[in-house]
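Encoded as structure tokens, the structure appears first; notes follow it.
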Amino acid sequence: MRNLLLSLAVVVPVAGSGWFFLPHGSGGDHVKTVEYRVATDSARRDAPYPLVAPEGLGKDWRATSVWYKVTEREGKYWHLGFVDPDTEYVQIEQSDRTGRDFVDSSTQEARKTGRTEKIGDVVWQRYEGEKYNALVREERGVTTVVAGTASDRRLTEMAAALKTGKQKG
């Protein structure tokens with residue numbers, strides 16, 4: 001018993017002092033942000049469809065990932081990911097590969113609800129899933145998906161901010 005108490009007397013203060021030197025706090029503060037405007041402009045020059053990106057979102061929306069790639073399976077594929085003001089994830093994905101495979105992949109297997117929502121002048125299909133909820137717009141030559149763990153209100157806010165022109169910031 002004496003040895004146990006002596007061991008605890010040494011271990012507890014060392015472990016306790018270590019707590020002060022380790023980072024702790026909210027996980028949302030540690031998200032790496034990326035600049036996406038240059039990648040957006042470059043992708044817009046290459047994409048065979050009107051490539052979208054948000055304009056006018058508040059500073060509390062943080063871009064976390066961006067890419068444009070061309071693959072046989074996914075076609076000409078645009079991705080832009082964000083953390084919203086509630087620290088939930090929202091992504092915009094577009095491809096000239098229309099159809100169920102692209103939508104399933106982008107929405108994490110969410111299912112069409114049969115409900116539509118008019119946002120601005122555009123009608124979107126609502127999808128719901130275990131991982132992501134989504135708004136999907138299928139037009140000739142391009143499918144656009146706004147999906148993520150964010151609330152329906154935040155997904156709608158992102159969809160409303162999407163523009164095809166030059167970035168204004």
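Residues are referred to by chain and number: the chain letter is A, B, ... according to the order shown in the structure tokens, the number counts from 1 in that chain, and ligands are numbered separately from 1 in the order shown.
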
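Assigned to helix (DSSP H, G or I) in range 19-96 of chain A, given DSSP computed from backbone atoms, are Trp19, Phe20, Phe21, Gly27, Gly28, Asp29, His30, Arg37, Val38, Ala39, Thr40, Asp41, Ser42, Ala43, Arg44, Arg45 and Asp46 of chain A.
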
Residue subset to file, keeping N, CA and C atoms, as a PDB file, in the first residue's frame:
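The resulting file, result-v5.pdb, is reproduced below:
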ATOM      1  N   TRP A  19      -1.359  18.445 -18.299  1.00  0.00           N
ATOM      2  CA  TRP A  19      -2.634  18.939 -18.803  1.00  0.00           C
ATOM      3  C   TRP A  19      -2.519  20.408 -19.213  1.00  0.00           C
ATOM      4  N   PHE A  20      -1.740  21.186 -18.462  1.00  0.00           N
ATOM      5  CA  PHE A  20      -1.606  22.614 -18.764  1.00  0.00           C
ATOM      6  C   PHE A  20      -0.869  22.875 -20.068  1.00  0.00           C
ATOM      7  N   PHE A  21      -0.032  21.929 -20.502  1.00  0.00           N
ATOM      8  CA  PHE A  21       0.762  22.129 -21.708  1.00  0.00           C
ATOM      9  C   PHE A  21       0.139  21.532 -22.961  1.00  0.00           C
ATOM     10  N   GLY A  27     -12.916  21.937 -31.001  1.00  0.00           N
ATOM     11  CA  GLY A  27     -12.259  21.370 -32.172  1.00  0.00           C
ATOM     12  C   GLY A  27     -12.383  22.245 -33.399  1.00  0.00           C
ATOM     13  N   GLY A  28     -13.428  23.078 -33.495  1.00  0.00           N
ATOM     14  CA  GLY A  28     -13.644  23.908 -34.664  1.00  0.00           C
ATOM     15  C   GLY A  28     -12.565  24.956 -34.865  1.00  0.00           C
ATOM     16  N   ASP A  29     -11.850  25.308 -33.802  1.00  0.00           N
ATOM     17  CA  ASP A  29     -10.816  26.321 -33.911  1.00  0.00           C
ATOM     18  C   ASP A  29      -9.551  25.797 -34.583  1.00  0.00           C
ATOM     19  N   HIS A  30      -9.447  24.490 -34.762  1.00  0.00           N
ATOM     20  CA  HIS A  30      -8.229  23.901 -35.294  1.00  0.00           C
ATOM     21  C   HIS A  30      -8.359  23.496 -36.755  1.00  0.00           C
ATOM     22  N   ARG A  37     -10.119  31.168 -54.192  1.00  0.00           N
ATOM     23  CA  ARG A  37     -10.479  32.031 -55.328  1.00  0.00           C
ATOM     24  C   ARG A  37      -9.626  31.787 -56.570  1.00  0.00           C
ATOM     25  N   VAL A  38      -8.337  31.591 -56.404  1.00  0.00           N
ATOM     26  CA  VAL A  38      -7.466  31.341 -57.558  1.00  0.00           C
ATOM     27  C   VAL A  38      -7.825  29.994 -58.200  1.00  0.00           C
ATOM     28  N   ALA A  39      -8.037  28.968 -57.368  1.00  0.00           N
ATOM     29  CA  ALA A  39      -8.431  27.653 -57.890  1.00  0.00           C
ATOM     30  C   ALA A  39      -9.769  27.740 -58.605  1.00  0.00           C
ATOM     31  N   THR A  40     -10.685  28.551 -58.080  1.00  0.00           N
ATOM     32  CA  THR A  40     -11.992  28.726 -58.712  1.00  0.00           C
ATOM     33  C   THR A  40     -11.844  29.353 -60.093  1.00  0.00           C
ATOM     34  N   ASP A  41     -11.067  30.417 -60.181  1.00  0.00           N
ATOM     35  CA  ASP A  41     -10.865  31.080 -61.476  1.00  0.00           C
ATOM     36  C   ASP A  41     -10.225  30.136 -62.486  1.00  0.00           C
ATOM     37  N   SER A  42      -9.259  29.369 -62.048  1.00  0.00           N
ATOM     38  CA  SER A  42      -8.593  28.410 -62.934  1.00  0.00           C
ATOM     39  C   SER A  42      -9.557  27.318 -63.397  1.00  0.00           C
ATOM     40  N   ALA A  43     -10.323  26.781 -62.476  1.00  0.00           N
ATOM     41  CA  ALA A  43     -11.284  25.727 -62.822  1.00  0.00           C
ATOM     42  C   ALA A  43     -12.368  26.251 -63.763  1.00  0.00           C
ATOM     43  N   ARG A  44     -12.777  27.494 -63.573  1.00  0.00           N
ATOM     44  CA  ARG A  44     -13.796  28.080 -64.450  1.00  0.00           C
ATOM     45  C   ARG A  44     -13.315  28.157 -65.895  1.00  0.00           C
ATOM     46  N   ARG A  45     -12.030  28.375 -66.086  1.00  0.00           N
ATOM     47  CA  ARG A  45     -11.491  28.415 -67.447  1.00  0.00           C
ATOM     48  C   ARG A  45     -11.520  27.041 -68.103  1.00  0.00           C
ATOM     49  N   ASP A  46     -11.395  25.977 -67.318  1.00  0.00           N
ATOM     50  CA  ASP A  46     -11.301  24.620 -67.858  1.00  0.00           C
ATOM     51  C   ASP A  46     -12.643  23.881 -67.911  1.00  0.00           C
TER      52      ASP A  46
END

Quiz item: Between A:Pro85, A:Gly129, A:Pro48, A:Gly99, which one has atoms that come closest to Glu157 in chain A, using only C-alpha atoms?
Solution: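 Nearest candidate to Glu157 in chain A out of A:Pro85, A:Gly129, A:Pro48, A:Gly99: A:Pro85.
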
Practice problem: Go through A:Asp96, A:Glu35, A:Glu55, A:Asp86 and flag the residue nearest Arg140 in chain A, using only C-alpha atoms for the distances. | Solution: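 Smallest distance to Arg140 in chain A is found for A:Asp96.
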
All strand (DSSP E or B) residues (DSSP, backbone) inside range 23-129 of chain A, as a PDB file with N, CA and C atoms, in the first residue's frame:
ATOM      1  N   ALA A  53     -19.332  28.925 -57.305  1.00  0.00           N
ATOM      2  CA  ALA A  53     -18.644  29.162 -56.033  1.00  0.00           C
ATOM      3  C   ALA A  53     -19.455  30.226 -55.295  1.00  0.00           C
ATOM      4  N   PRO A  54     -19.370  30.240 -53.973  1.00  0.00           N
ATOM      5  CA  PRO A  54     -20.173  31.201 -53.215  1.00  0.00           C
ATOM      6  C   PRO A  54     -19.604  32.612 -53.267  1.00  0.00           C
ATOM      7  N   ARG A  62     -15.662  29.185 -43.378  1.00  0.00           N
ATOM      8  CA  ARG A  62     -14.242  28.971 -43.679  1.00  0.00           C
ATOM      9  C   ARG A  62     -14.069  27.854 -44.704  1.00  0.00           C
ATOM     10  N   ALA A  63     -13.405  28.178 -45.804  1.00  0.00           N
ATOM     11  CA  ALA A  63     -13.111  27.164 -46.821  1.00  0.00           C
ATOM     12  C   ALA A  63     -12.035  26.224 -46.285  1.00  0.00           C
ATOM     13  N   THR A  64     -12.251  24.921 -46.449  1.00  0.00           N
ATOM     14  CA  THR A  64     -11.320  23.923 -45.925  1.00  0.00           C
ATOM     15  C   THR A  64     -10.713  23.031 -47.001  1.00  0.00           C
ATOM     16  N   SER A  65     -11.341  22.961 -48.177  1.00  0.00           N
ATOM     17  CA  SER A  65     -10.795  22.116 -49.245  1.00  0.00           C
ATOM     18  C   SER A  65     -11.278  22.623 -50.593  1.00  0.00           C
ATOM     19  N   VAL A  66     -10.412  22.464 -51.596  1.00  0.00           N
ATOM     20  CA  VAL A  66     -10.774  22.888 -52.951  1.00  0.00           C
ATOM     21  C   VAL A  66      -9.974  22.058 -53.942  1.00  0.00           C
ATOM     22  N   TRP A  67     -10.657  21.576 -54.987  1.00  0.00           N
ATOM     23  CA  TRP A  67      -9.942  20.933 -56.092  1.00  0.00           C
ATOM     24  C   TRP A  67     -10.824  20.834 -57.319  1.00  0.00           C
ATOM     25  N   TYR A  68     -10.159  20.751 -58.438  1.00  0.00           N
ATOM     26  CA  TYR A  68     -10.797  20.482 -59.724  1.00  0.00           C
ATOM     27  C   TYR A  68      -9.958  19.396 -60.370  1.00  0.00           C
ATOM     28  N   LYS A  69     -10.597  18.309 -60.747  1.00  0.00           N
ATOM     29  CA  LYS A  69      -9.845  17.222 -61.368  1.00  0.00           C
ATOM     30  C   LYS A  69     -10.658  16.614 -62.494  1.00  0.00           C
ATOM     31  N   VAL A  70      -9.953  15.962 -63.375  1.00  0.00           N
ATOM     32  CA  VAL A  70     -10.584  15.287 -64.493  1.00  0.00           C
ATOM     33  C   VAL A  70     -10.199  13.819 -64.400  1.00  0.00           C
ATOM     34  N   THR A  71     -11.214  12.963 -64.245  1.00  0.00           N
ATOM     35  CA  THR A  71     -10.983  11.524 -64.199  1.00  0.00           C
ATOM     36  C   THR A  71     -12.008  10.834 -65.084  1.00  0.00           C
ATOM     37  N   GLY A  75     -15.484  12.313 -64.287  1.00  0.00           N
ATOM     38  CA  GLY A  75     -15.590  13.381 -65.267  1.00  0.00           C
ATOM     39  C   GLY A  75     -14.818  14.605 -64.837  1.00  0.00           C
ATOM     40  N   LYS A  76     -15.287  15.745 -65.244  1.00  0.00           N
ATOM     41  CA  LYS A  76     -14.678  17.024 -64.845  1.00  0.00           C
ATOM     42  C   LYS A  76     -15.367  17.436 -63.547  1.00  0.00           C
ATOM     43  N   TYR A  77     -14.619  17.329 -62.463  1.00  0.00           N
ATOM     44  CA  TYR A  77     -15.171  17.293 -61.108  1.00  0.00           C
ATOM     45  C   TYR A  77     -14.655  18.464 -60.282  1.00  0.00           C
ATOM     46  N   TRP A  78     -15.569  19.279 -59.753  1.00  0.00           N
ATOM     47  CA  TRP A  78     -15.255  20.444 -58.924  1.00  0.00           C
ATOM     48  C   TRP A  78     -15.712  20.175 -57.505  1.00  0.00           C
ATOM     49  N   HIS A  79     -14.853  20.519 -56.546  1.00  0.00           N
ATOM     50  CA  HIS A  79     -15.177  20.347 -55.124  1.00  0.00           C
ATOM     51  C   HIS A  79     -14.708  21.569 -54.353  1.00  0.00           C
ATOM     52  N   LEU A  80     -15.567  22.042 -53.457  1.00  0.00           N
ATOM     53  CA  LEU A  80     -15.232  23.141 -52.562  1.00  0.00           C
ATOM     54  C   LEU A  80     -15.894  22.841 -51.220  1.00  0.00           C
ATOM     55  N   GLY A  81     -15.088  22.693 -50.164  1.00  0.00           N
ATOM     56  CA  GLY A  81     -15.617  22.358 -48.839  1.00  0.00           C
ATOM     57  C   GLY A  81     -15.482  23.517 -47.870  1.00  0.00           C
ATOM     58  N   PHE A  82     -16.447  23.632 -46.959  1.00  0.00           N
ATOM     59  CA  PHE A  82     -16.481  24.712 -45.967  1.00  0.00           C
ATOM     60  C   PHE A  82     -16.867  24.185 -44.596  1.00  0.00           C
ATOM     61  N   VAL A  83     -16.458  24.917 -43.571  1.00  0.00           N
ATOM     62  CA  VAL A  83     -17.017  24.779 -42.233  1.00  0.00           C
ATOM     63  C   VAL A  83     -17.920  25.990 -42.055  1.00  0.00           C
ATOM     64  N   TYR A  89     -20.066  20.856 -41.558  1.00  0.00           N
ATOM     65  CA  TYR A  89     -19.451  20.779 -42.879  1.00  0.00           C
ATOM     66  C   TYR A  89     -20.469  21.000 -43.991  1.00  0.00           C
ATOM     67  N   VAL A  90     -20.063  21.756 -45.013  1.00  0.00           N
ATOM     68  CA  VAL A  90     -20.859  21.971 -46.223  1.00  0.00           C
ATOM     69  C   VAL A  90     -19.916  21.862 -47.416  1.00  0.00           C
ATOM     70  N   GLN A  91     -20.319  21.110 -48.423  1.00  0.00           N
ATOM     71  CA  GLN A  91     -19.510  21.014 -49.635  1.00  0.00           C
ATOM     72  C   GLN A  91     -20.356  21.319 -50.857  1.00  0.00           C
ATOM     73  N   ILE A  92     -19.676  21.879 -51.852  1.00  0.00           N
ATOM     74  CA  ILE A  92     -20.265  22.086 -53.175  1.00  0.00           C
ATOM     75  C   ILE A  92     -19.512  21.143 -54.096  1.00  0.00           C
ATOM     76  N   GLU A  93     -20.235  20.343 -54.849  1.00  0.00           N
ATOM     77  CA  GLU A  93     -19.597  19.482 -55.825  1.00  0.00           C
ATOM     78  C   GLU A  93     -20.363  19.565 -57.129  1.00  0.00           C
ATOM     79  N   GLN A  94     -19.606  19.585 -58.223  1.00  0.00           N
ATOM     80  CA  GLN A  94     -20.185  19.613 -59.563  1.00  0.00           C
ATOM     81  C   GLN A  94     -19.428  18.640 -60.443  1.00  0.00           C
ATOM     82  N   SER A  95     -20.159  18.075 -61.401  1.00  0.00           N
ATOM     83  CA  SER A  95     -19.513  17.213 -62.391  1.00  0.00           C
ATOM     84  C   SER A  95     -20.331  17.212 -63.665  1.00  0.00           C
ATOM     85  N   ARG A 111     -30.938   9.996 -49.831  1.00  0.00           N
ATOM     86  CA  ARG A 111     -32.046   9.644 -50.722  1.00  0.00           C
ATOM     87  C   ARG A 111     -32.928  10.851 -51.012  1.00  0.00           C
ATOM     88  N   LYS A 112     -33.418  10.879 -52.234  1.00  0.00           N
ATOM     89  CA  LYS A 112     -34.311  11.953 -52.671  1.00  0.00           C
ATOM     90  C   LYS A 112     -35.588  11.905 -51.831  1.00  0.00           C
ATOM     91  N   THR A 113     -36.014  13.064 -51.334  1.00  0.00           N
ATOM     92  CA  THR A 113     -37.215  13.126 -50.495  1.00  0.00           C
ATOM     93  C   THR A 113     -38.483  13.347 -51.310  1.00  0.00           C
ATOM     94  N   GLY A 114     -38.320  13.799 -52.548  1.00  0.00           N
ATOM     95  CA  GLY A 114     -39.486  14.170 -53.343  1.00  0.00           C
ATOM     96  C   GLY A 114     -39.870  15.628 -53.159  1.00  0.00           C
ATOM     97  N   ARG A 115     -39.213  16.301 -52.220  1.00  0.00           N
ATOM     98  CA  ARG A 115     -39.477  17.724 -51.976  1.00  0.00           C
ATOM     99  C   ARG A 115     -38.510  18.567 -52.802  1.00  0.00           C
ATOM    100  N   THR A 116     -39.001  19.698 -53.250  1.00  0.00           N
ATOM    101  CA  THR A 116     -38.146  20.646 -53.952  1.00  0.00           C
ATOM    102  C   THR A 116     -38.127  21.954 -53.179  1.00  0.00           C
ATOM    103  N   GLU A 117     -37.125  22.752 -53.468  1.00  0.00           N
ATOM    104  CA  GLU A 117     -37.026  24.061 -52.840  1.00  0.00           C
ATOM    105  C   GLU A 117     -36.520  25.044 -53.879  1.00  0.00           C
ATOM    106  N   LYS A 118     -37.235  26.140 -54.026  1.00  0.00           N
ATOM    107  CA  LYS A 118     -36.796  27.182 -54.942  1.00  0.00           C
ATOM    108  C   LYS A 118     -35.917  28.152 -54.164  1.00  0.00           C
ATOM    109  N   ILE A 119     -34.673  28.272 -54.616  1.00  0.00           N
ATOM    110  CA  ILE A 119     -33.705  29.167 -53.980  1.00  0.00           C
ATOM    111  C   ILE A 119     -33.258  30.134 -55.063  1.00  0.00           C
ATOM    112  N   VAL A 122     -33.661  29.159 -58.909  1.00  0.00           N
ATOM    113  CA  VAL A 122     -33.293  27.774 -59.177  1.00  0.00           C
ATOM    114  C   VAL A 122     -34.080  26.825 -58.284  1.00  0.00           C
ATOM    115  N   VAL A 123     -34.565  25.737 -58.872  1.00  0.00           N
ATOM    116  CA  VAL A 123     -35.268  24.699 -58.115  1.00  0.00           C
ATOM    117  C   VAL A 123     -34.286  23.576 -57.801  1.00  0.00           C
ATOM    118  N   TRP A 124     -34.185  23.232 -56.529  1.00  0.00           N
ATOM    119  CA  TRP A 124     -33.299  22.180 -56.040  1.00  0.00           C
ATOM    120  C   TRP A 124     -34.134  21.023 -55.509  1.00  0.00           C
ATOM    121  N   GLN A 125     -33.609  19.822 -55.628  1.00  0.00           N
ATOM    122  CA  GLN A 125     -34.205  18.631 -55.033  1.00  0.00           C
ATOM    123  C   GLN A 125     -33.606  18.443 -53.639  1.00  0.00           C
ATOM    124  N   ARG A 126     -34.449  18.150 -52.657  1.00  0.00           N
ATOM    125  CA  ARG A 126     -33.972  17.880 -51.289  1.00  0.00           C
ATOM    126  C   ARG A 126     -33.650  16.402 -51.143  1.00  0.00           C
ATOM    127  N   TYR A 127     -32.510  16.116 -50.521  1.00  0.00           N
ATOM    128  CA  TYR A 127     -32.099  14.755 -50.184  1.00  0.00           C
ATOM    129  C   TYR A 127     -31.840  14.685 -48.690  1.00  0.00           C
ATOM    130  N   GLU A 128     -32.099  13.519 -48.088  1.00  0.00           N
ATOM    131  CA  GLU A 128     -31.804  13.306 -46.668  1.00  0.00           C
ATOM    132  C   GLU A 128     -31.072  11.997 -46.516  1.00  0.00           C
TER     133      GLU A 128
END

Quiz item: In terms of the shortest atom-to-atom distance over only C-alpha atoms, which of A:Asn3, A:Thr107, A:Thr98, A:Thr156 is closest to Gly141 in chain A?
Solution: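 Among A:Asn3, A:Thr107, A:Thr98, A:Thr156, it is A:Thr98 that comes nearest to Gly141 in chain A.
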
Practice problem: Measuring atom to atom with only C-alpha atoms, identify which of A:Glu130, A:Ser151, A:Thr143, A:Glu72 is nearest to Leu51 in chain A. | Solution: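 Counting only C-alpha atoms, the residue closest to Leu51 in chain A is A:Thr143.
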
Quiz item: Of the residues A:Val145, A:Leu57, A:Val52, A:Leu135, which is the one nearest to Gly165 in chain A, using only C-alpha atoms?
Solution: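 Selected residue with least distance to Gly165 in chain A: A:Val52.
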
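Reported to one decimal place, the separation of CA of Thr164 in chain A from CA of Arg97 in chain A is 18.6 Å.
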
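Between CA of Asp121 in chain A and CA of Ser106 in chain A the interatomic distance comes to 23.0 Å.
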
Exercise. Find the distance between CA of Gly148 in chain A and CA of Lys59 in chain A and write it in Å to one decimal.
Key: 19.0 Å
